[in-house]
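Below is one structure, written out as structure tokens; comments come after it.
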Amino acid sequence: QKFWVKKANTPRRYRFTFKKDGFFKTLQGRAAKVLKEVGTGPDWLSSITQDFLFGGFVLCFLLLCHAPTYQNALLAAAFLGLSNNSAHNWFHLADKFAWRRFYFDCSFVGSREWRISHALSHHLYTNTYADLEVSSVEPLLEFLPVEKVQSGLSANISCPMSLLS
């Protein structure tokens, strides 16, 4: 028990455990089999898609500089947003293979800082209420299943946005 500190004073907040027959160990075993077949890291199509999205942003931004209209601004913004969303794939790779993550910096959100906050929030509390990336946009966007019925603006924005993310 190399990292043992003491027995917890209170019960766990989350129902998932690291026991041998628990959720995480079962998932880990199943995922290992799949990863042996498909490999890890993005494939060539993901890389080309990321490059296309960023190239589309650069071209649309140059077009926006030449002809500043709202339509050109929205087009450039759409390519930048999709490029940022796609850049997420490269945050999980080793630094020497992850140069595409720097596309994220064009949105003025630091890739280094976001990589840290993403790991501490989303990878420790994946898709739970403690995950800041999921819960910070609620109630405008609701990514977690809730028992109440979404109504109004929330329902009209959450569904289309979930398709883009």
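Chain labels follow the order of the structure tokens: the first chain is A, the next B, and so on; residue numbering restarts at 1 in every chain, and ligands are counted from 1 in their shown order.
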
* Asked: Please, which residues of region 6-129 of chain A, numbered as in this document, come out helix (DSSP H, G or I) from DSSP, as a VMD selection string?
  -> chain A and resid 23 to 38 44 to 66 70 to 92 95 to 97 99 to 107 111 to 121

* Can you pull out every residue within 7 Å of Ser111 (chain A), counting only C-alpha atoms, but drop anything in the same chain fewer than 3 positions away, and send it as number ranges by chain? => A: 101-102, 104-105, 114-115

Pull C-alpha atoms from the residues just selected and write them as a short mmCIF file (atom, residue, chain, number, x, y, z; two decimals), in the first residue's frame.
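After the write, part_15.cif holds the following:
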```cif
data_model
loop_
_atom_site.label_atom_id
_atom_site.label_comp_id
_atom_site.auth_asym_id
_atom_site.auth_seq_id
_atom_site.Cartn_x
_atom_site.Cartn_y
_atom_site.Cartn_z
CA ARG A 101 -3.01 21.39 -30.23
CA PHE A 102 -1.50 24.83 -30.85
CA PHE A 104 -6.33 26.00 -30.09
CA ASP A 105 -4.26 29.10 -29.28
CA TRP A 114 -6.70 24.50 -20.93
CA ARG A 115 -4.81 21.21 -21.07
#
```

Find the residues of region 37-146 of chain A that sit at most 12 Å from region 5-24 of chain A; for each, write down the nearest two atoms and how far apart they are in Å, to one decimal. Count only C-alpha atoms. Sort by chain, then by number going up, and give it as a Markdown table.
```
| residue | atom | partner | partner_atom | distance |
| --- | --- | --- | --- | --- |
| A:Leu124 | CA | A:Tyr14 | CA | 11.6 |
| A:Tyr125 | CA | A:Tyr14 | CA | 9.5 |
| A:Thr126 | CA | A:Tyr14 | CA | 11.5 |
| A:Thr128 | CA | A:Tyr14 | CA | 9.4 |
| A:Tyr129 | CA | A:Tyr14 | CA | 10.7 |
| A:Ala130 | CA | A:Tyr14 | CA | 10.3 |
```

Go ahead and save the residues from that selection, with N, CA and C atoms, as a PDB file, in the first residue's frame.
```
ATOM      1  N   LEU A 124     -10.820  13.745 -14.208  1.00  0.00           N
ATOM      2  CA  LEU A 124     -11.021  13.229 -12.856  1.00  0.00           C
ATOM      3  C   LEU A 124     -12.499  12.975 -12.568  1.00  0.00           C
ATOM      4  N   TYR A 125     -13.364  13.818 -13.130  1.00  0.00           N
ATOM      5  CA  TYR A 125     -14.802  13.727 -12.873  1.00  0.00           C
ATOM      6  C   TYR A 125     -15.563  13.698 -14.191  1.00  0.00           C
ATOM      7  N   THR A 126     -15.239  12.767 -15.044  1.00  0.00           N
ATOM      8  CA  THR A 126     -15.771  12.726 -16.397  1.00  0.00           C
ATOM      9  C   THR A 126     -17.294  12.713 -16.424  1.00  0.00           C
ATOM     10  N   THR A 128     -19.663  14.279 -14.938  1.00  0.00           N
ATOM     11  CA  THR A 128     -20.456  14.324 -13.711  1.00  0.00           C
ATOM     12  C   THR A 128     -20.698  15.787 -13.383  1.00  0.00           C
ATOM     13  N   TYR A 129     -21.474  16.046 -12.343  1.00  0.00           N
ATOM     14  CA  TYR A 129     -21.723  17.436 -11.962  1.00  0.00           C
ATOM     15  C   TYR A 129     -20.451  18.118 -11.463  1.00  0.00           C
ATOM     16  N   ALA A 130     -19.460  17.351 -11.022  1.00  0.00           N
ATOM     17  CA  ALA A 130     -18.197  17.933 -10.568  1.00  0.00           C
ATOM     18  C   ALA A 130     -17.282  18.310 -11.738  1.00  0.00           C
TER      19      ALA A 130
END
```

Using 7 Å as the limit and counting only C-alpha atoms, can you tabulate each residue of region 13-64 of chain A that touches region 72-77 of chain A, with its shortest atom-to-atom distance in Å and the two atoms involved, as CSV?
```
residue,atom,partner,partner_atom,distance
A:Phe57,CA,A:Ala76,CA,5.1
A:Cys60,CA,A:Ala76,CA,4.9
A:Phe61,CA,A:Ala76,CA,5.5
A:Leu63,CA,A:Asn72,CA,7.0
A:Leu64,CA,A:Asn72,CA,5.3
```

* To do: Write out as a PyMOL selection string each polymer residue whose atoms come within 12 Å of Trp99 (chain A), counting only C-alpha atoms; drop sequence neighbours fewer than 4 positions from it.
  => chain A and resi 47+50-51+87-95+103-105+111-112

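Considering only C-alpha atoms, the residue among A:Pro139, A:Gly81, A:Gly41, A:Gly56 positioned nearest to Val109 (chain A) is A:Gly81.
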
* What gap, in Å, lies between CA of Leu132 (chain A) and CA of Gly110 (chain A)? ->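 Pair CA of Leu132 (chain A) / CA of Gly110 (chain A) returns 17.0 Å.
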
* Between A:Ala98, A:Leu144, A:Glu113, A:Thr49, which has the minimum distance to Asn127 (chain A) (counting only C-alpha atoms)? ->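 Of all the options, A:Leu144 lies closest to Asn127 (chain A).
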